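Asker: File final-v6.tsv below, TSV, C-alpha atoms:
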chain	number	residue	atom	x	y	z
A	1	MET	CA	292.01	279.41	14.01
A	2	ASP	CA	294.35	279.07	17.00
A	3	ASP	CA	296.95	276.33	17.38
A	4	LEU	CA	296.25	273.64	19.96
A	5	LYS	CA	298.98	272.95	22.48
A	6	ILE	CA	298.71	270.67	25.49
A	7	ASP	CA	301.83	269.78	27.45
A	8	ALA	CA	302.60	266.13	28.09
A	9	THR	CA	302.24	264.67	31.58
A	10	LYS	CA	303.34	261.28	32.87
A	11	PHE	CA	300.13	259.72	31.58
A	12	THR	CA	298.80	262.04	28.90
A	13	PRO	CA	300.56	262.82	25.62
A	14	GLY	CA	301.73	266.19	24.41
A	15	ILE	CA	299.43	267.64	21.75
A	16	SER	CA	300.71	270.14	19.22
A	17	PHE	CA	298.39	271.05	16.36
A	18	ASP	CA	299.87	273.80	14.17
A	19	TYR	CA	297.18	275.40	12.05
A	20	GLY	CA	299.48	277.40	9.77
A	21	LYS	CA	301.89	274.54	9.05
A	22	ARG	CA	299.07	271.96	8.88
A	23	GLU	CA	301.09	269.72	11.19
A	24	LEU	CA	299.45	267.75	13.96
A	25	MET	CA	301.47	265.90	16.55
A	26	ILE	CA	300.58	263.57	19.43
A	27	LYS	CA	303.57	262.38	21.38
A	28	GLY	CA	304.19	260.58	24.66
A	29	GLU	CA	302.17	258.13	26.75
A	30	SER	CA	298.41	257.91	27.03
A	31	TYR	CA	296.67	256.17	29.92
A	32	PRO	CA	294.44	258.68	31.67
A	33	GLU	CA	291.60	257.53	33.92
A	34	ASN	CA	289.07	259.36	31.78
A	35	THR	CA	290.32	259.19	28.22
A	36	SER	CA	287.43	260.89	26.46
A	37	GLU	CA	287.62	263.88	28.81
A	38	PHE	CA	291.27	264.36	27.89
A	39	PHE	CA	290.72	264.01	24.16
A	40	ASN	CA	287.55	266.15	23.90
A	41	PRO	CA	289.44	269.38	23.04
A	42	VAL	CA	291.53	267.41	20.53
A	43	PHE	CA	288.43	266.23	18.65
A	44	ALA	CA	286.80	269.66	18.89
A	45	TRP	CA	289.86	271.28	17.27
A	46	LEU	CA	290.10	268.60	14.60
A	47	GLU	CA	286.44	268.91	13.67
A	48	THR	CA	286.75	272.68	13.13
A	49	TYR	CA	290.00	272.23	11.21
A	50	LEU	CA	288.61	269.54	8.91
A	51	ALA	CA	285.41	271.48	8.27
A	52	GLU	CA	287.49	274.00	6.30
A	53	GLU	CA	288.28	273.12	2.71
A	54	ARG	CA	291.92	273.02	1.70
A	55	GLU	CA	294.06	271.84	-1.16
A	56	GLU	CA	297.30	271.64	0.82
A	57	PRO	CA	298.24	268.40	2.56
A	58	THR	CA	298.04	267.85	6.30
A	59	VAL	CA	300.66	265.78	8.14
A	60	VAL	CA	299.78	263.97	11.37
A	61	ASN	CA	302.68	262.60	13.41
A	62	ILE	CA	301.83	260.05	16.09
A	63	GLU	CA	304.60	258.99	18.41
A	64	LEU	CA	303.16	257.06	21.33
A	65	TYR	CA	305.33	254.88	23.52
A	66	TYR	CA	302.43	253.40	25.44
A	67	PHE	CA	298.67	253.78	25.42
A	68	ASN	CA	295.95	251.90	27.32
A	69	SER	CA	292.94	250.17	25.80
A	70	SER	CA	290.60	253.14	26.13
A	71	SER	CA	293.19	255.36	24.40
A	72	SER	CA	293.42	252.75	21.65
A	73	LYS	CA	289.71	253.18	21.06
A	74	VAL	CA	290.02	256.98	21.04
A	75	LEU	CA	292.87	256.71	18.52
A	76	MET	CA	290.67	254.55	16.30
A	77	ASN	CA	287.98	257.27	16.41
A	78	PHE	CA	290.64	259.89	15.67
A	79	PHE	CA	291.87	258.01	12.60
A	80	GLU	CA	288.31	257.40	11.43
A	81	VAL	CA	287.65	261.15	11.55
A	82	LEU	CA	290.78	261.67	9.43
A	83	ASP	CA	289.81	258.87	7.04
A	84	ASN	CA	286.35	260.40	6.55
A	85	ALA	CA	287.97	263.77	5.79
A	86	GLY	CA	290.21	261.95	3.31
A	87	GLU	CA	287.13	260.53	1.62
A	88	ARG	CA	285.79	264.09	1.26
A	89	GLY	CA	288.97	265.05	-0.56
A	90	GLN	CA	291.41	266.29	2.10
A	91	LYS	CA	294.98	265.15	1.62
A	92	ILE	CA	296.14	263.63	4.88
A	93	THR	CA	299.25	261.64	5.76
A	94	VAL	CA	299.64	259.94	9.12
A	95	ASN	CA	303.14	259.00	10.22
A	96	TRP	CA	303.01	256.29	12.89
A	97	ILE	CA	306.42	256.65	14.50
A	98	TYR	CA	307.74	253.63	16.40
A	99	GLU	CA	311.03	252.88	18.09
A	100	GLU	CA	313.38	250.13	17.05
A	101	GLU	CA	312.58	246.79	18.73
A	102	ASP	CA	309.15	248.06	19.77
A	103	GLU	CA	307.17	245.30	18.08
A	104	ASP	CA	303.95	246.10	19.92
A	105	SER	CA	303.91	249.64	18.60
A	106	LEU	CA	304.68	248.49	15.06
A	107	GLU	CA	301.83	245.96	15.27
A	108	PHE	CA	299.42	248.61	16.52
A	109	GLY	CA	300.44	250.83	13.61
A	110	GLU	CA	299.89	248.01	11.11
A	111	GLU	CA	296.44	247.29	12.52
A	112	PHE	CA	295.37	250.92	12.32
A	113	ALA	CA	296.75	251.12	8.78
A	114	GLU	CA	294.61	248.12	7.71
A	115	ASP	CA	291.45	250.06	8.54
A	116	MET	CA	292.34	253.24	6.63
A	117	ASN	CA	291.09	253.67	3.06
A	118	HIS	CA	291.31	257.35	2.16
A	119	ILE	CA	294.45	258.61	3.85
A	120	GLU	CA	298.08	257.63	3.64
A	121	PHE	CA	299.14	255.79	6.79
A	122	ARG	CA	302.91	255.35	7.01
A	123	LEU	CA	304.89	253.32	9.53
A	124	GLU	CA	308.08	255.16	10.30
A	125	LEU	CA	311.00	253.84	12.27
A	126	LYS	CA	312.19	256.56	14.63
A	127	GLN	CA	315.60	257.87	13.68
A	128	SER	CA	317.79	257.78	16.77
B	1	MET	CA	301.47	243.76	64.45
B	2	PRO	CA	305.08	244.33	63.27
B	3	VAL	CA	305.69	240.60	63.61
B	4	ARG	CA	302.69	239.78	61.45
B	5	LEU	CA	303.81	242.19	58.75
B	6	TYR	CA	307.13	240.37	58.78
B	7	ASN	CA	305.27	237.12	58.16
B	8	LEU	CA	303.29	238.68	55.36
B	9	ARG	CA	306.50	239.89	53.79
B	10	GLU	CA	308.05	236.42	54.12
B	11	CYS	CA	305.00	234.99	52.41
B	12	PHE	CA	305.46	237.40	49.50
B	13	LEU	CA	309.15	236.56	49.24
B	14	ASN	CA	308.47	232.81	49.27
B	15	LYS	CA	305.85	233.16	46.59
B	16	ARG	CA	308.15	235.48	44.63
B	17	ILE	CA	305.64	238.30	44.67
B	18	ILE	CA	307.75	241.31	43.85
B	19	PHE	CA	305.02	243.81	44.49
B	20	CYS	CA	301.60	243.85	46.11
B	21	TYR	CA	299.17	246.61	47.00
B	22	SER	CA	295.77	246.32	48.63
B	23	GLY	CA	293.48	249.29	49.14
B	24	PRO	CA	291.89	252.19	47.27
B	25	MET	CA	293.33	252.67	43.77
B	26	SER	CA	293.94	256.09	42.29
B	27	GLN	CA	295.41	257.19	38.99
B	28	ASP	CA	298.38	258.92	40.70
B	29	LEU	CA	299.15	255.86	42.77
B	30	MET	CA	299.03	253.63	39.70
B	31	VAL	CA	301.34	255.90	37.71
B	32	GLU	CA	303.98	255.89	40.46
B	33	ILE	CA	303.70	252.17	41.17
B	34	GLY	CA	303.80	251.36	37.46
B	35	ASN	CA	306.86	253.44	36.77
B	36	THR	CA	308.78	252.14	39.79
B	37	LEU	CA	307.96	248.59	38.77
B	38	LYS	CA	309.07	249.28	35.21
B	39	GLN	CA	312.44	250.57	36.45
B	40	LYS	CA	312.89	247.59	38.77
B	41	MET	CA	312.04	245.13	36.00
B	42	GLN	CA	314.34	246.87	33.54
B	43	GLN	CA	317.18	246.07	35.92
B	44	GLU	CA	316.19	242.41	36.19
B	45	THR	CA	315.32	241.59	32.63
B	46	PHE	CA	316.75	242.84	29.38
B	47	ASN	CA	313.59	241.99	27.51
B	48	ARG	CA	311.98	245.31	26.79
B	49	SER	CA	308.82	243.68	25.51
B	50	VAL	CA	308.23	241.79	28.79
B	51	VAL	CA	308.58	245.01	30.78
B	52	ALA	CA	306.24	246.90	28.46
B	53	LYS	CA	303.63	244.12	28.52
B	54	THR	CA	303.74	243.83	32.31
B	55	PHE	CA	303.27	247.59	32.65
B	56	ALA	CA	300.37	247.58	30.18
B	57	ILE	CA	298.59	244.69	31.92
B	58	LEU	CA	299.08	246.36	35.30
B	59	VAL	CA	297.48	249.56	34.00
B	60	GLU	CA	294.47	247.68	32.58
B	61	GLN	CA	293.93	245.75	35.82
B	62	VAL	CA	294.27	248.77	38.11
B	63	GLN	CA	291.99	250.87	35.89
B	64	ASN	CA	289.45	248.03	35.91
B	65	ILE	CA	289.48	248.15	39.72
B	66	MET	CA	289.18	251.97	39.63
B	67	HIS	CA	286.16	251.74	37.34
B	68	TYR	CA	284.37	248.55	38.33
B	69	SER	CA	285.15	247.56	41.92
B	70	THR	CA	281.96	247.78	43.96
B	71	GLU	CA	284.02	248.62	47.03
B	72	LYS	CA	284.51	252.41	46.99
B	73	THR	CA	286.30	254.95	49.15
B	74	GLN	CA	285.13	258.52	48.93
B	75	LEU	CA	287.90	261.11	49.30
B	76	GLU	CA	287.07	264.73	50.14
B	77	ALA	CA	290.57	265.81	49.18
B	78	LEU	CA	289.99	264.58	45.64
B	79	ASP	CA	286.70	266.46	45.05
B	80	ASP	CA	284.78	263.58	46.61
B	81	ALA	CA	286.09	261.22	43.96
B	82	LYS	CA	285.13	257.63	44.64
B	83	LEU	CA	288.13	255.35	44.44
B	84	GLY	CA	287.61	251.67	43.72
B	85	SER	CA	289.36	249.31	46.12
B	86	GLY	CA	291.06	246.06	45.32
B	87	ILE	CA	294.32	244.19	45.41
B	88	VAL	CA	297.00	243.94	42.74
B	89	ALA	CA	300.22	241.92	42.66
B	90	VAL	CA	303.10	241.29	40.31
B	91	GLY	CA	304.96	238.03	40.78
B	92	PHE	CA	307.29	235.56	39.16
B	93	GLU	CA	306.33	231.91	38.67
B	94	ASP	CA	307.47	229.16	36.27
B	95	GLU	CA	310.05	231.51	34.77
B	96	ARG	CA	307.39	234.08	33.90
B	97	TYR	CA	306.12	237.32	35.29
B	98	TYR	CA	302.43	237.63	36.02
B	99	VAL	CA	300.05	240.39	37.02
B	100	ALA	CA	297.11	239.40	39.23
B	101	SER	CA	294.38	241.46	40.78
B	102	GLY	CA	291.11	241.12	42.61
B	103	ASN	CA	288.11	243.20	43.52
B	104	MET	CA	284.54	242.91	44.69
B	105	ILE	CA	281.83	242.69	42.07
B	106	GLN	CA	278.08	242.14	42.17
B	107	VAL	CA	277.04	238.50	41.92
B	108	LYS	CA	274.72	239.42	39.03
B	109	ASP	CA	277.73	240.47	36.90
B	110	ARG	CA	279.61	237.22	37.48
B	111	GLU	CA	278.16	235.28	34.54
B	112	LYS	CA	278.76	238.12	32.08
B	113	ILE	CA	282.43	238.47	33.07
B	114	SER	CA	282.95	234.72	33.04
B	115	GLU	CA	281.48	234.38	29.54
B	116	LYS	CA	283.48	237.30	28.22
B	117	ILE	CA	286.81	235.89	29.40
B	118	SER	CA	286.00	232.26	28.48
B	119	LYS	CA	285.14	233.38	24.97
B	120	ILE	CA	288.50	235.15	24.65
B	121	ASN	CA	290.30	232.07	26.04
B	122	ARG	CA	288.91	229.94	23.23
B	123	MET	CA	290.25	232.26	20.51
B	124	THR	CA	293.36	231.78	18.38
B	125	PRO	CA	295.76	234.76	18.19
B	126	ASP	CA	294.27	235.71	14.83
B	127	GLU	CA	290.71	235.54	16.17
B	128	LYS	CA	291.80	237.69	19.11
B	129	LYS	CA	293.13	240.28	16.69
B	130	GLN	CA	289.89	240.36	14.68
B	131	TYR	CA	287.78	240.53	17.84
B	132	TYR	CA	289.92	243.37	19.19
B	133	LYS	CA	289.59	245.37	15.99
B	134	GLU	CA	285.85	244.76	15.85
B	135	MET	CA	285.32	245.79	19.50
B	136	ARG	CA	287.46	248.87	19.07
B	137	LYS	CA	285.09	250.18	16.41
B	138	LYS	CA	281.96	249.47	18.43
B	139	ASN	CA	280.50	251.70	21.08
B	140	PRO	CA	281.07	250.20	24.53
B	141	ASP	CA	278.22	248.64	26.56
B	142	GLU	CA	276.28	250.99	28.77
B	143	SER	CA	277.69	249.21	31.83
B	144	SER	CA	281.24	249.85	30.67
B	145	ARG	CA	283.04	252.91	31.98
B	146	GLY	CA	286.09	252.33	29.83
B	147	ALA	CA	286.33	251.18	26.25
B	148	GLY	CA	285.27	247.61	27.11
B	149	LEU	CA	288.56	246.45	25.61
B	150	GLY	CA	290.50	245.67	28.80
B	151	PHE	CA	290.24	241.86	28.82
B	152	ILE	CA	291.02	241.38	25.13
B	153	GLU	CA	293.85	243.94	25.30
B	154	MET	CA	295.43	241.98	28.17
B	155	ALA	CA	294.81	238.60	26.55
B	156	ARG	CA	296.59	239.68	23.38
B	157	LYS	CA	299.67	240.57	25.39
B	158	SER	CA	299.86	237.10	26.95
B	159	ASP	CA	300.30	233.75	25.27
B	160	HIS	CA	298.62	231.93	28.17
B	161	PRO	CA	294.88	231.67	28.76
B	162	VAL	CA	293.50	234.26	31.17
B	163	ASP	CA	293.31	232.73	34.64
B	164	PHE	CA	290.28	233.86	36.67
B	165	ASP	CA	287.90	232.87	39.43
B	166	PHE	CA	285.17	234.07	41.74
B	167	ILE	CA	284.87	233.57	45.48
B	168	ASP	CA	281.45	233.95	47.06
B	169	VAL	CA	281.36	236.59	49.76
B	170	ASP	CA	277.63	236.95	50.44
B	171	LEU	CA	274.35	236.85	48.52
B	172	ASP	CA	275.02	240.07	46.60
B	173	TYR	CA	278.78	240.23	46.22
B	174	CYS	CA	281.64	238.01	45.17
B	175	PHE	CA	285.38	238.52	44.81
B	176	PHE	CA	286.71	238.40	41.27
B	177	THR	CA	290.37	237.49	40.66
B	178	ILE	CA	292.20	237.64	37.35
B	179	ARG	CA	295.76	236.67	36.49
B	180	LEU	CA	297.75	237.09	33.30
B	181	TYR	CA	301.13	235.58	32.60
B	182	ILE	CA	303.54	237.56	30.44
Is it possible to give me this structure as structure tokens?
Answerer:
Amino acid sequence: MDDLKIDATKFTPGISFDYGKRELMIKGESYPENTSEFFNPVFAWLETYLAEEREEPTVVNIELYYFNSSSSKVLMNFFEVLDNAGERGQKITVNWIYEEEDEDSLEFGEEFAEDMNHIEFRLELKQS
Amino acid sequence: MPVRLYNLRECFLNKRIIFCYSGPMSQDLMVEIGNTLKQKMQQETFNRSVVAKTFAILVEQVQNIMHYSTEKTQLEALDDAKLGSGIVAVGFEDERYYVASGNMIQVKDREKISEKISKINRMTPDEKKQYYKEMRKKNPDESSRGAGLGFIEMARKSDHPVDFDFIDVDLDYCFFTIRLYI
């Protein structure tokens, strides 16, 4: 399976899914006009990746400085897909990385964490 | 004409409107406007949260216009994309920033929008949070081109009720205005 790499733009985040390392990263800002169109390849990759069985843990790093409401919904779907895979036995850790003094981002992370039951969802203060 | 633009500018200055745009809205335009505004506000206020909230509310309002304004401009240069038209302003009043915008809607959608916002205005912060989380898990209405989360997202970023009204234009259309204080 190939890695997935999408460069960040001013309004879409950088995507870097490393198959060999089992490290998935979404970083930047997310407020495209058509959110689902942007995230379609991300979900397609994830579905294929999670369809494979594995013992080794997967780490997902999310570092988003700003995202709009439709991206918030897409993120919820993304975490639900991960949580379902966790229920099937995959070991998944999400690191929600937020900057110091960014209370909104911390709150978003806490609210996503509340809805997760089968994966580890950590809130991580960004080391400057 | 130049004289009248001067008057318009004076009007903005008197009302402490720091930015106003009226016309077709595009993603690129919004990104540039939003980032310039963010930089300008960062110079004026040290409160990072106020700047971030203003930017977020601006994005929601402009994207609402892009998706839902019934007034469209078709652009050949953008693969015949239809851009929604409207007006958006950022101002300062009673020691607070606000983001306001307006666009044409169909009269038949007026009641639905009014009920949706009024319902949010009656909620406590905790109820807003629960409603937001519930809506985020649901599939959006068929009529919604976004996630259907715009109003509640904006309302959660403001501790004032959402200010809105409708002005009748003709039998089929009315002008919807919304304002959020940060």
Asker: Measuring atom to atom with all atoms listed in the file, identify which of A:Asp3, A:Glu63, A:Glu80, A:Glu103 is nearest to Glu29 in chain A.
Answerer: A:Glu63
Asker: So that I can see what lies close to Ser49 in chain B, please list as an MDAnalysis selection string the residues with an atom at most 9 Å from it, counting only C-alpha atoms and leaving out residues fewer than 3 positions away in the same chain.
Answerer: (chainID A and resid 101:104) or (chainID B and resid 46 52:54)
Asker: Within 8 Å of (305.9, 258.6, 28.1) (file coordinates; all atoms listed in the file), which protein or nucleic acid residues are there? I'd like them as a PDB file with C-alpha atoms, in the frame of the given file.
Answerer:
ATOM      1  CA  THR A   9     302.240 264.670  31.580  1.00  0.00           C
ATOM      2  CA  LYS A  10     303.340 261.280  32.870  1.00  0.00           C
ATOM      3  CA  PHE A  11     300.130 259.720  31.580  1.00  0.00           C
ATOM      4  CA  THR A  12     298.800 262.040  28.900  1.00  0.00           C
ATOM      5  CA  PRO A  13     300.560 262.820  25.620  1.00  0.00           C
ATOM      6  CA  GLY A  28     304.190 260.580  24.660  1.00  0.00           C
ATOM      7  CA  GLU A  29     302.170 258.130  26.750  1.00  0.00           C
ATOM      8  CA  SER A  30     298.410 257.910  27.030  1.00  0.00           C
ATOM      9  CA  LEU A  64     303.160 257.060  21.330  1.00  0.00           C
ATOM     10  CA  TYR A  65     305.330 254.880  23.520  1.00  0.00           C
ATOM     11  CA  TYR A  66     302.430 253.400  25.440  1.00  0.00           C
TER      12      TYR A  66
END
Asker: Any idea which chain B residues end up within 8 Å of chain A if we count only C-alpha atoms, as a PyMOL selection string please?
Answerer: chain B and resi 27+31+49+56+59-60+63+133+136-137+146-150+153
Asker: Produce a file of the selected residues containing C-alpha atoms, as a compact mmCIF listing (two decimals), in the frame of the given file.
Answerer:
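See out12.txt below for the written result:
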# COMPACT_ATOMS: atom_id res chain seq x y z
CA GLN B 27 295.41 257.19 38.99
CA VAL B 31 301.34 255.90 37.71
CA SER B 49 308.82 243.68 25.51
CA ALA B 56 300.37 247.58 30.18
CA VAL B 59 297.48 249.56 34.00
CA GLU B 60 294.47 247.68 32.58
CA GLN B 63 291.99 250.87 35.89
CA LYS B 133 289.59 245.37 15.99
CA ARG B 136 287.46 248.87 19.07
CA LYS B 137 285.09 250.18 16.41
CA GLY B 146 286.09 252.33 29.83
CA ALA B 147 286.33 251.18 26.25
CA GLY B 148 285.27 247.61 27.11
CA LEU B 149 288.56 246.45 25.61
CA GLY B 150 290.50 245.67 28.80
CA GLU B 153 293.85 243.94 25.30
Asker: Of the residues B:Gln130, B:Asn7, B:Gln74, B:Ser101, which is the one nearest to Glu114 in chain A, using only C-alpha atoms?
Answerer: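 Smallest separation from Glu114 in chain A among the options: B:Gln130.
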Asker: Skip Asp159 in chain B itself and residues of its chain fewer than 2 positions away, then list as a short mmCIF file (atom, residue, chain, number, x, y, z; two decimals) with C-alpha atoms, keeping the file's coordinate frame all residues within 8 Å of it, counting only C-alpha atoms.
Answerer:
data_model
loop_
_atom_site.label_atom_id
_atom_site.label_comp_id
_atom_site.auth_asym_id
_atom_site.auth_seq_id
_atom_site.Cartn_x
_atom_site.Cartn_y
_atom_site.Cartn_z
CA ALA B 155 294.81 238.60 26.55
CA ARG B 156 296.59 239.68 23.38
CA LYS B 157 299.67 240.57 25.39
CA PRO B 161 294.88 231.67 28.76
CA TYR B 181 301.13 235.58 32.60
CA ILE B 182 303.54 237.56 30.44
#
Asker: At a cut-off of 12 Å from (293.5, 282.8, 15.8) in the coordinates of the file, what residues are picked up using only C-alpha atoms, written as number ranges by chain?
Answerer: A: 1-4, 18-20
